[in-house]
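As provided, run-v4.pdb (PDB, C-alpha atoms) reads as follows.
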```pdb
ATOM      1  CA  MET D 989     -18.874  26.338  13.353
ATOM      2  CA  PRO D 990     -16.366  29.222  13.683
ATOM      3  CA  ALA D 991     -12.702  28.609  12.784
ATOM      4  CA  LEU D 992     -10.587  27.271  15.649
ATOM      5  CA  PRO D 993      -7.804  29.604  16.836
ATOM      6  CA  LEU D 994      -4.273  28.512  15.928
ATOM      7  CA  ASP D 995      -3.529  27.333  19.490
ATOM      8  CA  ASP D 996      -6.481  24.933  19.412
ATOM      9  CA  ALA D 997      -6.168  23.834  15.780
ATOM     10  CA  GLY D 998      -2.379  23.199  15.945
ATOM     11  CA  PRO D 999      -2.527  19.942  17.959
ATOM     12  CA  TYR D1000      -5.194  18.497  15.620
ATOM     13  CA  VAL D1001      -3.174  19.328  12.504
ATOM     14  CA  ALA D1002       0.003  17.961  14.116
ATOM     15  CA  ALA D1003      -1.852  14.784  15.138
ATOM     16  CA  ALA D1004      -3.146  14.201  11.574
ATOM     17  CA  TYR D1005       0.304  14.606   9.994
ATOM     18  CA  LEU D1006       1.955  12.513  12.734
ATOM     19  CA  VAL D1007      -0.558   9.690  12.164
ATOM     20  CA  PHE D1008       0.377   9.673   8.481
ATOM     21  CA  LEU D1009       4.117   9.651   9.259
ATOM     22  CA  ALA D1010       3.661   6.942  11.900
ATOM     23  CA  LEU D1011       1.774   4.703   9.434
ATOM     24  CA  ILE D1012       4.474   5.136   6.796
ATOM     25  CA  LEU D1013       7.213   4.433   9.365
ATOM     26  CA  ILE D1014       5.418   1.300  10.626
ATOM     27  CA  TYR D1015       5.075   0.112   7.027
ATOM     28  CA  VAL D1016       8.774   0.772   6.340
ATOM     29  CA  ALA D1017       9.721  -1.029   9.597
ATOM     30  CA  ILE D1018       7.679  -4.096   8.559
ATOM     31  CA  MET D1019       9.336  -4.020   5.117
ATOM     32  CA  ALA D1020      12.760  -3.762   6.809
ATOM     33  CA  GLY D1021      11.906  -6.832   8.903
ATOM     34  CA  LYS D1022      11.046  -8.742   5.736
ATOM     35  CA  LEU D1023      14.290  -7.595   4.123
ATOM     36  CA  VAL D1024      16.273  -8.875   7.131
ATOM     37  CA  ARG D1025      14.517 -12.255   6.797
ATOM     38  CA  ILE D1026      15.327 -12.413   3.079
ATOM     39  CA  ALA D1027      18.982 -11.558   3.816
ATOM     40  CA  ARG D1028      19.146 -14.275   6.493
ATOM     41  CA  GLU D1029      17.604 -16.897   4.202
ATOM     42  CA  LEU D1030      19.968 -15.853   1.406
ATOM     43  CA  GLY D1031      22.891 -16.338   3.806
ATOM     44  CA  GLU D1032      21.628 -19.821   4.716
ATOM     45  CA  LEU D1033      21.295 -20.730   1.041
ATOM     46  CA  SER D1034      24.797 -19.434   0.230
ATOM     47  CA  GLU D1035      26.172 -21.506   3.113
ATOM     48  CA  LEU D1036      24.335 -24.587   1.869
ATOM     49  CA  VAL D1037      25.672 -24.137  -1.670
ATOM     50  CA  GLU D1038      29.221 -23.585  -0.384
ATOM     51  CA  ARG D1039      28.999 -26.726   1.768
ATOM     52  CA  ARG D1040      27.771 -28.694  -1.198
ATOM     53  CA  GLU D1041      30.530 -27.358  -3.482
ATOM     54  CA  ARG D1042      33.138 -28.193  -0.839
ATOM     55  CA  SER D1043      31.873 -31.736  -0.365
ATOM     56  CA  SER D1044      31.660 -32.366  -4.144
ATOM     57  CA  GLY D1045      35.212 -30.953  -4.509
ATOM     58  CA  ASP D1046      36.406 -33.318  -1.785
ATOM     59  CA  GLU D1047      34.818 -36.249  -3.576
ATOM     60  CA  LEU D1048      36.565 -35.311  -6.853
ATOM     61  CA  SER D1049      40.013 -34.808  -5.304
ATOM     62  CA  THR D1050      39.947 -37.927  -3.067
ATOM     63  CA  PRO D1051      41.401 -40.999  -4.809
ATOM     64  CA  ALA D1052      39.320 -44.166  -4.676
ATOM     65  CA  GLY D1053      39.847 -46.195  -1.539
ATOM     66  CA  GLU D1054      41.177 -43.300   0.518
ATOM     67  CA  ALA D1055      39.121 -41.313   2.955
ATOM     68  CA  VAL D1056      41.496 -38.375   3.288
ATOM     69  CA  PRO D1057      42.973 -36.549   0.256
ATOM     70  CA  ARG D1058      46.784 -36.656  -0.006
TER      71      ARG D1058
ATOM     72  CA  MET R1435      11.157  -7.691 -12.655
ATOM     73  CA  PHE R1436       9.531  -5.158 -10.279
ATOM     74  CA  ALA R1437      12.648  -3.333  -9.045
ATOM     75  CA  ARG R1438      13.165  -1.285 -12.226
ATOM     76  CA  GLY R1439      12.936   2.455 -11.572
ATOM     77  CA  LEU R1440      12.721   2.032  -7.807
ATOM     78  CA  LYS R1441      15.574   4.421  -7.013
ATOM     79  CA  PRO R1442      14.296   7.433  -9.030
ATOM     80  CA  LEU R1443      10.772   6.773  -7.761
ATOM     81  CA  SER R1444      12.004   6.764  -4.151
ATOM     82  CA  ILE R1445      13.840  10.051  -4.670
ATOM     83  CA  ALA R1446      10.779  11.560  -6.399
ATOM     84  CA  SER R1447       8.582  10.442  -3.475
ATOM     85  CA  VAL R1448      10.806  12.085  -0.866
ATOM     86  CA  VAL R1449      11.127  15.311  -2.902
ATOM     87  CA  LEU R1450       7.389  15.510  -3.604
ATOM     88  CA  VAL R1451       6.249  14.695  -0.045
ATOM     89  CA  VAL R1452       8.707  17.191   1.511
ATOM     90  CA  GLY R1453       7.778  19.776  -1.169
ATOM     91  CA  ALA R1454       4.055  19.242  -0.612
ATOM     92  CA  PHE R1455       4.357  19.610   3.173
ATOM     93  CA  ALA R1456       6.482  22.744   2.708
ATOM     94  CA  LEU R1457       3.797  24.216   0.407
ATOM     95  CA  VAL R1458       1.064  23.291   2.914
ATOM     96  CA  PHE R1459       2.710  25.060   5.839
ATOM     97  CA  PHE R1460       4.687  27.897   4.199
ATOM     98  CA  TYR R1461       2.860  28.759   0.942
ATOM     99  CA  ALA R1462      -0.864  27.953   1.090
ATOM    100  CA  PRO R1463      -2.842  30.593   3.006
ATOM    101  CA  ASN R1464      -5.097  29.715   5.923
ATOM    102  CA  ASP R1465      -8.681  29.047   4.879
ATOM    103  CA  ALA R1466     -10.965  32.029   5.522
ATOM    104  CA  ASP R1467     -13.715  29.820   6.927
ATOM    105  CA  GLN R1468     -11.891  27.009   8.785
ATOM    106  CA  GLY R1469      -8.547  28.632   9.543
ATOM    107  CA  PHE R1470      -5.436  26.558  10.270
ATOM    108  CA  ILE R1471      -7.350  23.282  10.757
ATOM    109  CA  GLN R1472      -8.007  23.209   6.987
ATOM    110  CA  LYS R1473      -4.331  22.171   6.524
ATOM    111  CA  ILE R1474      -5.510  18.596   7.180
ATOM    112  CA  PHE R1475      -7.362  18.804   3.853
ATOM    113  CA  TYR R1476      -4.041  18.620   1.909
ATOM    114  CA  LEU R1477      -3.294  15.261   3.518
ATOM    115  CA  HIS R1478      -6.729  13.717   3.991
ATOM    116  CA  VAL R1479      -8.201  14.281   0.513
ATOM    117  CA  PRO R1480      -5.162  13.094  -1.547
ATOM    118  CA  LEU R1481      -4.937   9.995   0.688
ATOM    119  CA  ALA R1482      -8.617   9.231   0.044
ATOM    120  CA  ILE R1483      -8.351   9.781  -3.730
ATOM    121  CA  VAL R1484      -5.199   7.646  -4.052
ATOM    122  CA  ALA R1485      -6.716   4.881  -1.883
ATOM    123  CA  LEU R1486      -9.850   4.763  -4.084
ATOM    124  CA  PHE R1487      -7.769   4.718  -7.288
ATOM    125  CA  GLY R1488      -5.652   1.943  -5.746
ATOM    126  CA  PHE R1489      -8.777  -0.147  -5.156
ATOM    127  CA  VAL R1490      -9.829   0.378  -8.785
ATOM    128  CA  ALA R1491      -6.279  -0.498  -9.945
ATOM    129  CA  GLY R1492      -6.583  -3.752  -7.961
ATOM    130  CA  GLY R1493      -9.698  -4.551 -10.016
ATOM    131  CA  VAL R1494      -7.943  -3.697 -13.306
ATOM    132  CA  PHE R1495      -5.080  -6.074 -12.423
ATOM    133  CA  GLY R1496      -7.709  -8.650 -11.489
ATOM    134  CA  ILE R1497      -9.163  -8.378 -15.013
ATOM    135  CA  ARG R1498      -5.686  -8.731 -16.520
ATOM    136  CA  TYR R1499      -5.021 -11.814 -14.385
ATOM    137  CA  LEU R1500      -8.254 -13.490 -15.489
ATOM    138  CA  ARG R1501      -7.513 -12.624 -19.136
ATOM    139  CA  ASP R1502      -3.818 -13.613 -19.271
ATOM    140  CA  GLY R1503      -3.453 -15.998 -16.320
ATOM    141  CA  ASP R1504      -0.209 -14.184 -15.455
ATOM    142  CA  ARG R1505       0.433 -14.557 -11.699
ATOM    143  CA  ALA R1506       2.336 -11.248 -11.681
ATOM    144  CA  HIS R1507      -1.010  -9.464 -12.207
ATOM    145  CA  ASP R1508      -2.474 -11.312  -9.213
ATOM    146  CA  LEU R1509       0.471 -10.101  -7.126
ATOM    147  CA  ARG R1510       0.011  -6.517  -8.418
ATOM    148  CA  SER R1511      -3.705  -6.661  -7.587
ATOM    149  CA  TYR R1512      -2.951  -7.950  -4.065
ATOM    150  CA  VAL R1513      -0.313  -5.282  -3.378
ATOM    151  CA  ALA R1514      -2.466  -2.422  -4.770
ATOM    152  CA  ILE R1515      -5.394  -3.407  -2.534
ATOM    153  CA  HIS R1516      -3.142  -4.006   0.477
ATOM    154  CA  LEU R1517      -1.576  -0.548   0.196
ATOM    155  CA  SER R1518      -4.944   1.084  -0.510
ATOM    156  CA  LEU R1519      -6.180  -0.374   2.779
ATOM    157  CA  ILE R1520      -3.240   1.254   4.596
ATOM    158  CA  PHE R1521      -3.978   4.572   2.846
ATOM    159  CA  GLY R1522      -7.651   4.006   3.751
ATOM    160  CA  VAL R1523      -6.773   3.674   7.444
ATOM    161  CA  ALA R1524      -4.817   6.950   7.209
ATOM    162  CA  THR R1525      -7.798   8.599   5.445
ATOM    163  CA  LEU R1526     -10.250   7.496   8.145
ATOM    164  CA  ILE R1527      -8.012   8.595  11.035
ATOM    165  CA  THR R1528      -7.078  11.987   9.524
ATOM    166  CA  GLY R1529     -10.739  12.530   8.546
ATOM    167  CA  SER R1530     -11.876  11.794  12.092
ATOM    168  CA  ILE R1531      -9.348  14.241  13.534
ATOM    169  CA  TRP R1532     -10.514  16.913  11.077
ATOM    170  CA  ALA R1533     -14.185  16.186  11.857
ATOM    171  CA  LYS R1534     -13.579  16.487  15.602
ATOM    172  CA  ALA R1535     -11.842  19.838  15.147
ATOM    173  CA  SER R1536     -14.350  21.327  12.675
ATOM    174  CA  TRP R1537     -17.690  19.685  13.542
ATOM    175  CA  GLY R1538     -17.056  18.723  17.167
ATOM    176  CA  HIS R1539     -17.613  15.004  16.482
ATOM    177  CA  TRP R1540     -15.156  12.201  15.654
ATOM    178  CA  TRP R1541     -17.702  10.686  13.226
ATOM    179  CA  LEU R1542     -21.055  11.655  11.658
ATOM    180  CA  TRP R1543     -23.235   8.713  10.646
ATOM    181  CA  ASP R1544     -25.616  10.884   8.557
ATOM    182  CA  GLU R1545     -22.802  12.158   6.308
ATOM    183  CA  PRO R1546     -22.870  10.161   2.998
ATOM    184  CA  THR R1547     -19.200  10.771   2.069
ATOM    185  CA  LEU R1548     -17.881   9.434   5.362
ATOM    186  CA  VAL R1549     -20.179   6.431   5.564
ATOM    187  CA  SER R1550     -19.657   5.482   1.902
ATOM    188  CA  PHE R1551     -15.861   5.543   2.341
ATOM    189  CA  LEU R1552     -16.205   3.379   5.451
ATOM    190  CA  ILE R1553     -18.372   0.897   3.487
ATOM    191  CA  VAL R1554     -15.765   0.690   0.703
ATOM    192  CA  PHE R1555     -12.998   0.266   3.299
ATOM    193  CA  LEU R1556     -14.868  -2.500   5.161
ATOM    194  CA  LEU R1557     -15.651  -4.222   1.860
ATOM    195  CA  TYR R1558     -11.939  -4.364   1.012
ATOM    196  CA  ALA R1559     -11.077  -5.361   4.589
ATOM    197  CA  CYS R1560     -12.666  -8.726   3.634
ATOM    198  CA  TYR R1561     -10.173  -9.191   0.777
ATOM    199  CA  THR R1562      -7.242 -10.517   2.839
ATOM    200  CA  PRO R1563      -9.327 -12.949   4.973
ATOM    201  CA  LEU R1564     -10.961 -14.170   1.737
ATOM    202  CA  ARG R1565      -7.567 -14.933   0.218
ATOM    203  CA  PHE R1566      -6.347 -16.559   3.426
ATOM    204  CA  SER R1567      -9.397 -18.839   3.560
ATOM    205  CA  ILE R1568      -8.511 -20.473   0.221
ATOM    206  CA  GLU R1569      -5.545 -22.850   0.247
ATOM    207  CA  ASP R1570      -5.254 -23.760  -3.439
ATOM    208  CA  PRO R1571      -3.122 -20.949  -4.996
ATOM    209  CA  GLU R1572      -4.882 -21.087  -8.375
ATOM    210  CA  ARG R1573      -8.345 -20.885  -6.830
ATOM    211  CA  GLN R1574      -7.180 -18.235  -4.390
ATOM    212  CA  ALA R1575      -5.919 -16.007  -7.208
ATOM    213  CA  ARG R1576      -9.071 -16.517  -9.330
ATOM    214  CA  THR R1577     -11.484 -15.813  -6.467
ATOM    215  CA  ALA R1578      -9.464 -12.777  -5.346
ATOM    216  CA  ALA R1579      -9.505 -11.426  -8.923
ATOM    217  CA  VAL R1580     -13.307 -11.777  -9.133
ATOM    218  CA  PHE R1581     -13.646 -10.025  -5.758
ATOM    219  CA  ALA R1582     -11.259  -7.225  -6.809
ATOM    220  CA  ILE R1583     -13.181  -6.649 -10.078
ATOM    221  CA  THR R1584     -16.611  -6.616  -8.411
ATOM    222  CA  ALA R1585     -15.503  -4.364  -5.559
ATOM    223  CA  GLY R1586     -13.492  -2.194  -7.960
ATOM    224  CA  ALA R1587     -16.624  -1.554 -10.036
ATOM    225  CA  PHE R1588     -18.453  -0.603  -6.836
ATOM    226  CA  VAL R1589     -15.966   2.227  -6.042
ATOM    227  CA  PRO R1590     -16.885   4.659  -8.900
ATOM    228  CA  LEU R1591     -20.590   3.792  -8.553
ATOM    229  CA  ASN R1592     -20.368   4.624  -4.871
ATOM    230  CA  PHE R1593     -18.545   7.877  -5.662
ATOM    231  CA  LEU R1594     -21.270   8.922  -8.141
ATOM    232  CA  ALA R1595     -24.077   8.002  -5.737
ATOM    233  CA  VAL R1596     -22.533  10.167  -3.016
ATOM    234  CA  ARG R1597     -22.116  13.119  -5.392
ATOM    235  CA  MET R1598     -25.797  12.879  -6.305
ATOM    236  CA  ALA R1599     -26.769  13.049  -2.621
ATOM    237  CA  GLU R1600     -28.512  16.280  -1.664
ATOM    238  CA  SER R1601     -27.472  17.337   1.840
ATOM    239  CA  LEU R1602     -23.728  17.386   2.358
ATOM    240  CA  ALA R1603     -21.715  18.840   5.205
ATOM    241  CA  HIS R1604     -18.543  17.398   3.634
ATOM    242  CA  PRO R1605     -16.853  19.935   1.297
ATOM    243  CA  ARG R1606     -16.635  19.226  -2.470
ATOM    244  CA  VAL R1607     -13.152  19.233  -3.947
ATOM    245  CA  LEU R1608     -13.317  17.639  -7.367
ATOM    246  CA  SER R1609     -15.521  19.958  -9.415
ATOM    247  CA  GLU R1610     -15.161  21.954 -12.629
ATOM    248  CA  THR R1611     -14.340  25.050 -10.576
ATOM    249  CA  GLY R1612     -11.750  23.231  -8.457
ATOM    250  CA  GLY R1613     -14.044  23.388  -5.423
ATOM    251  CA  SER R1614     -13.874  27.235  -5.448
ATOM    252  CA  MET R1615     -10.299  27.127  -4.173
ATOM    253  CA  PRO R1616      -7.901  30.040  -4.757
ATOM    254  CA  GLY R1617      -4.975  29.303  -7.105
ATOM    255  CA  ASP R1618      -2.292  28.884  -4.420
ATOM    256  CA  MET R1619      -4.454  26.457  -2.440
ATOM    257  CA  TYR R1620      -5.333  24.504  -5.581
ATOM    258  CA  LEU R1621      -1.648  24.265  -6.574
ATOM    259  CA  THR R1622      -0.766  22.988  -3.085
ATOM    260  CA  PHE R1623      -3.561  20.447  -3.318
ATOM    261  CA  LEU R1624      -2.348  19.222  -6.732
ATOM    262  CA  VAL R1625       1.264  18.859  -5.487
ATOM    263  CA  SER R1626       0.001  16.962  -2.414
ATOM    264  CA  LEU R1627      -2.068  14.699  -4.648
ATOM    265  CA  ALA R1628       0.961  14.023  -6.884
ATOM    266  CA  ALA R1629       3.100  13.330  -3.778
ATOM    267  CA  MET R1630       0.625  10.776  -2.412
ATOM    268  CA  ALA R1631       0.223   9.129  -5.834
ATOM    269  CA  VAL R1632       4.002   8.781  -6.332
ATOM    270  CA  LEU R1633       4.420   7.568  -2.735
ATOM    271  CA  PHE R1634       1.732   4.944  -3.356
ATOM    272  CA  VAL R1635       3.441   3.698  -6.538
ATOM    273  CA  THR R1636       6.844   3.631  -4.779
ATOM    274  CA  LEU R1637       5.550   1.631  -1.797
ATOM    275  CA  CYS R1638       3.776  -0.732  -4.226
ATOM    276  CA  LYS R1639       7.081  -1.293  -6.020
ATOM    277  CA  TYR R1640       8.887  -1.893  -2.699
ATOM    278  CA  GLU R1641       6.369  -4.527  -1.691
ATOM    279  CA  LEU R1642       6.319  -6.155  -5.134
ATOM    280  CA  THR R1643      10.129  -6.343  -5.163
ATOM    281  CA  SER R1644      10.221  -7.776  -1.648
ATOM    282  CA  LYS R1645       7.562 -10.385  -2.470
ATOM    283  CA  GLU R1646       9.338 -11.341  -5.696
ATOM    284  CA  ALA R1647      12.640 -11.797  -3.814
ATOM    285  CA  SER R1648      10.887 -13.995  -1.210
ATOM    286  CA  MET R1649       9.285 -16.098  -3.948
ATOM    287  CA  ARG R1650      12.585 -16.581  -5.788
ATOM    288  CA  LEU R1651      14.293 -17.593  -2.542
ATOM    289  CA  ARG R1652      11.560 -20.105  -1.765
ATOM    290  CA  ALA R1653      11.802 -21.558  -5.272
ATOM    291  CA  LEU R1654      15.605 -21.844  -4.924
ATOM    292  CA  LYS R1655      15.233 -23.544  -1.531
ATOM    293  CA  ARG R1656      12.787 -26.029  -3.018
ATOM    294  CA  ARG R1657      15.185 -26.816  -5.878
ATOM    295  CA  LEU R1658      18.102 -27.322  -3.506
ATOM    296  CA  ALA R1659      15.997 -29.460  -1.180
ATOM    297  CA  ALA R1660      14.851 -31.575  -4.135
ATOM    298  CA  ALA R1661      18.451 -32.015  -5.308
ATOM    299  CA  ASP R1662      19.459 -33.094  -1.794
ATOM    300  CA  ASP R1663      16.563 -35.576  -1.696
ATOM    301  CA  ASP R1664      15.436 -33.850   1.479
ATOM    302  CA  ALA R1665      11.852 -34.094   2.523
ATOM    303  CA  TRP R1666      10.174 -31.044   0.955
ATOM    304  CA  THR R1667       8.249 -28.953   3.443
ATOM    305  CA  PRO R1668       5.299 -27.052   1.968
ATOM    306  CA  THR R1669       5.099 -23.293   2.582
ATOM    307  CA  ALA R1670       2.704 -22.048   5.254
ATOM    308  CA  ARG R1671      -0.722 -20.879   4.129
ATOM    309  CA  SER R1672      -0.716 -17.180   3.274
ATOM    310  CA  ALA R1673      -3.064 -14.503   1.981
ATOM    311  CA  ALA R1674      -0.318 -13.162  -0.291
ATOM    312  CA  PRO R1675       0.443 -14.877  -3.617
ATOM    313  CA  GLN R1676       3.176 -17.492  -3.064
ATOM    314  CA  GLN R1677       4.546 -17.973  -6.573
ATOM    315  CA  LEU R1678       4.858 -16.144  -9.865
TER     316      LEU R1678
END
```

Produce structure tokens that represent the structure in this file.
Amino acid sequence: MPALPLDDAGPYVAAAYLVFLALILIYVAIMAGKLVRIARELGELSELVERRERSSGDELSTPAGEAVPR
Amino acid sequence: MFARGLKPLSIASVVLVVGAFALVFFYAPNDADQGFIQKIFYLHVPLAIVALFGFVAGGVFGIRYLRDGDRAHDLRSYVAIHLSLIFGVATLITGSIWAKASWGHWWLWDEPTLVSFLIVFLLYACYTPLRFSIEDPERQARTAAVFAITAGAFVPLNFLAVRMAESLAHPRVLSETGGSMPGDMYLTFLVSLAAMAVLFVTLCKYELTSKEASMRLRALKRRLAAADDDAWTPTARSAAPQQL
């Protein structure tokens, strides 16, 4: 088959390179979504640990028999 | 564990991919026979080579997992095969576009190189459903390793069988003469191949690091839940390894 002229071959070449870029971008977008989920879960865990530290600190500083620290 | 060297690898990937594309469009001459459409070659062939090496790497990590029992090797095997499948999809699509432009058909069923790559791709497409179908993590990892080794051994055999085939419309690239390519085209091809290989390793590292972070978070959650005497909820079934 004879070589395609540049005008005809250009869209095919552009399509091939765009497919590659699109696949990489989709992959990066999926990875970014996972990263956001990890960050959210990390935030939840930090909150949980802080809450626990606060409640254990309250228990230590509250004298026996009193509900509210003085 | 997996994040070491990620930053320089990412920079190297960007530099090499941009450099390779610049060489393709501004340095390598148009092919005398195919003209401008041959530029797809610098993307399609490196993608195919890296995908096939990735499949073989998955098998090598499978062997290491069976030998050492280290779950990190199972994770490496899973990620290598997963990314090779993505590179395989890119190979098939770019190959089809090239075939349509040069041969007038999106696909040729009597072309051994095309059909053999499709067979390898479809074989590995079974890998993720196979993993997902097994709930026990230990059994899942062992079965996946055996699959990766068997299929990984099939890749070079398949490659050799295709090279021994007589009638080929598909051009030969990997030969002692460099596929009769002029020096500037061969250099561009080698840079493109290096770019795809480094990109593959970088994306593998990204996924490994992300999976490791998820696993550590899950383990931490479980520990905190156990300390709180909360009811522990098991993780959902997944094809990906769930613990290291």

Just give me the gap between atom CA of R:Ala1673 and atom CA of D:Leu1013 in Å, one decimal is fine.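 Atom CA of D:Leu1013 lies 22.8 Å from atom CA of R:Ala1673.
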
List every residue of chain R that has an atom at most 8 Å from any atom of chain D, and for each one report the closest atom pair and its distance in Å to one decimal, counting only C-alpha atoms, with rows sorted by chain and then by increasing residue number, as a tab-separated table.
```
residue	atom	partner	partner_atom	distance
R:Asp1467	CA	D:Ala991	CA	6.1
R:Gln1468	CA	D:Ala991	CA	4.4
R:Gly1469	CA	D:Ala991	CA	5.3
R:Phe1470	CA	D:Leu994	CA	6.1
R:Ile1471	CA	D:Ala997	CA	5.2
R:Lys1473	CA	D:Val1001	CA	6.7
R:Ile1474	CA	D:Val1001	CA	5.9
R:Leu1477	CA	D:Tyr1005	CA	7.4
R:Ile1520	CA	D:Leu1011	CA	7.8
R:Ala1524	CA	D:Phe1008	CA	6.0
R:Ile1527	CA	D:Ala1004	CA	7.4
R:Thr1528	CA	D:Ala1004	CA	5.0
R:Ile1531	CA	D:Tyr1000	CA	6.3
R:Trp1532	CA	D:Tyr1000	CA	7.2
R:Ala1535	CA	D:Tyr1000	CA	6.8
R:Ser1536	CA	D:Met989	CA	6.8
R:Trp1537	CA	D:Met989	CA	6.8
R:Glu1641	CA	D:Met1019	CA	7.4
R:Ser1644	CA	D:Leu1023	CA	7.1
R:Ala1647	CA	D:Ile1026	CA	7.4
R:Ser1648	CA	D:Ile1026	CA	6.4
R:Leu1651	CA	D:Leu1030	CA	7.1
R:Lys1655	CA	D:Leu1033	CA	7.2
```

Since we have the selection now, will you write its residues out, keeping C-alpha atoms, as a PDB file, in the coordinates of the input?
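Full text of out-v4.pdb as output:
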```pdb
ATOM      1  CA  ASP R1467     -13.715  29.820   6.927  1.00  0.00           C
ATOM      2  CA  GLN R1468     -11.891  27.009   8.785  1.00  0.00           C
ATOM      3  CA  GLY R1469      -8.547  28.632   9.543  1.00  0.00           C
ATOM      4  CA  PHE R1470      -5.436  26.558  10.270  1.00  0.00           C
ATOM      5  CA  ILE R1471      -7.350  23.282  10.757  1.00  0.00           C
ATOM      6  CA  LYS R1473      -4.331  22.171   6.524  1.00  0.00           C
ATOM      7  CA  ILE R1474      -5.510  18.596   7.180  1.00  0.00           C
ATOM      8  CA  LEU R1477      -3.294  15.261   3.518  1.00  0.00           C
ATOM      9  CA  ILE R1520      -3.240   1.254   4.596  1.00  0.00           C
ATOM     10  CA  ALA R1524      -4.817   6.950   7.209  1.00  0.00           C
ATOM     11  CA  ILE R1527      -8.012   8.595  11.035  1.00  0.00           C
ATOM     12  CA  THR R1528      -7.078  11.987   9.524  1.00  0.00           C
ATOM     13  CA  ILE R1531      -9.348  14.241  13.534  1.00  0.00           C
ATOM     14  CA  TRP R1532     -10.514  16.913  11.077  1.00  0.00           C
ATOM     15  CA  ALA R1535     -11.842  19.838  15.147  1.00  0.00           C
ATOM     16  CA  SER R1536     -14.350  21.327  12.675  1.00  0.00           C
ATOM     17  CA  TRP R1537     -17.690  19.685  13.542  1.00  0.00           C
ATOM     18  CA  GLU R1641       6.369  -4.527  -1.691  1.00  0.00           C
ATOM     19  CA  SER R1644      10.221  -7.776  -1.648  1.00  0.00           C
ATOM     20  CA  ALA R1647      12.640 -11.797  -3.814  1.00  0.00           C
ATOM     21  CA  SER R1648      10.887 -13.995  -1.210  1.00  0.00           C
ATOM     22  CA  LEU R1651      14.293 -17.593  -2.542  1.00  0.00           C
ATOM     23  CA  LYS R1655      15.233 -23.544  -1.531  1.00  0.00           C
TER      24      LYS R1655
END
```

If you measure from atom CA of R:Arg1576 to atom CA of R:Arg1501, what distance in Å do you get, rounded to one decimal?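 Atom CA of R:Arg1576 sits 10.7 Å away from atom CA of R:Arg1501.
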
Around (0.8, 3.9, -2.9), as given in the file, which residues come within 12 Å? Count all atoms listed in the file and list them as a PyMOL selection string. (chain D and resi 1012+1015) or (chain R and resi 1443-1444+1447+1480-1489+1491-1492+1510+1513-1522+1524+1627-1642)

Report, in Å to a single decimal, how far apart atom CA of R:Asp1508 and atom CA of R:Pro1563 are.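 The value is 15.8 Å.
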
Name the residues in contact with R:Arg1565 at a cut-off of 7 Å, using only C-alpha atoms, excluding same-chain residues fewer than 3 positions from it; report them as a PyMOL selection string. chain R and resi 1561-1562+1568+1574+1578+1673

Would you compute the box with edges along x, y and z of the file around stretch 1040-1047 of chain D, including every atom the file lists for it and 3 Å extra on each side, and give its centre and edge lengths in Å to one decimal, as lines of an AutoDock Vina configuration file?
```
center_x = 32.1
center_y = -31.8
center_z = -2.4
size_x = 14.6
size_y = 14.9
size_z = 10.1
```

Show me the residues around (-13.2, -5.1, -8.7) - criterion: an atom at most 8 Å away, all atoms listed in the file counted - as number ranges by chain. R: 1489-1490, 1492-1494, 1496, 1579-1588

The selected residues should be written to file as a PDB file, in the coordinates of the input (atoms: C-alpha atoms).
```
ATOM      1  CA  PHE R1489      -8.777  -0.147  -5.156  1.00  0.00           C
ATOM      2  CA  VAL R1490      -9.829   0.378  -8.785  1.00  0.00           C
ATOM      3  CA  GLY R1492      -6.583  -3.752  -7.961  1.00  0.00           C
ATOM      4  CA  GLY R1493      -9.698  -4.551 -10.016  1.00  0.00           C
ATOM      5  CA  VAL R1494      -7.943  -3.697 -13.306  1.00  0.00           C
ATOM      6  CA  GLY R1496      -7.709  -8.650 -11.489  1.00  0.00           C
ATOM      7  CA  ALA R1579      -9.505 -11.426  -8.923  1.00  0.00           C
ATOM      8  CA  VAL R1580     -13.307 -11.777  -9.133  1.00  0.00           C
ATOM      9  CA  PHE R1581     -13.646 -10.025  -5.758  1.00  0.00           C
ATOM     10  CA  ALA R1582     -11.259  -7.225  -6.809  1.00  0.00           C
ATOM     11  CA  ILE R1583     -13.181  -6.649 -10.078  1.00  0.00           C
ATOM     12  CA  THR R1584     -16.611  -6.616  -8.411  1.00  0.00           C
ATOM     13  CA  ALA R1585     -15.503  -4.364  -5.559  1.00  0.00           C
ATOM     14  CA  GLY R1586     -13.492  -2.194  -7.960  1.00  0.00           C
ATOM     15  CA  ALA R1587     -16.624  -1.554 -10.036  1.00  0.00           C
ATOM     16  CA  PHE R1588     -18.453  -0.603  -6.836  1.00  0.00           C
TER      17      PHE R1588
END
```

Residues within 12 Å of R:Val1549, please, as a ChimeraX atom specification. Count all atoms listed in the file; anything in the same chain fewer than 3 positions from it doesn't count. /R:1526,1529-1530,1541-1546,1552-1556,1592-1593,1596,1602,1604

List the residues matched by the PyMOL selection byres ((chain R and resi 1618) around 12) in the displayed structure as a ChimeraX atom specification, ordered by chain and then by residue number. /R:1457-1458,1460-1465,1612,1614-1617,1619-1625

For R:Arg1671, the nearest of the candidates R:Phe1551, R:Ile1445, R:Met1598, R:Phe1566, counting all atoms listed in the file: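 Looking only at the distances to R:Arg1671, the closest residue turns out to be R:Phe1566.
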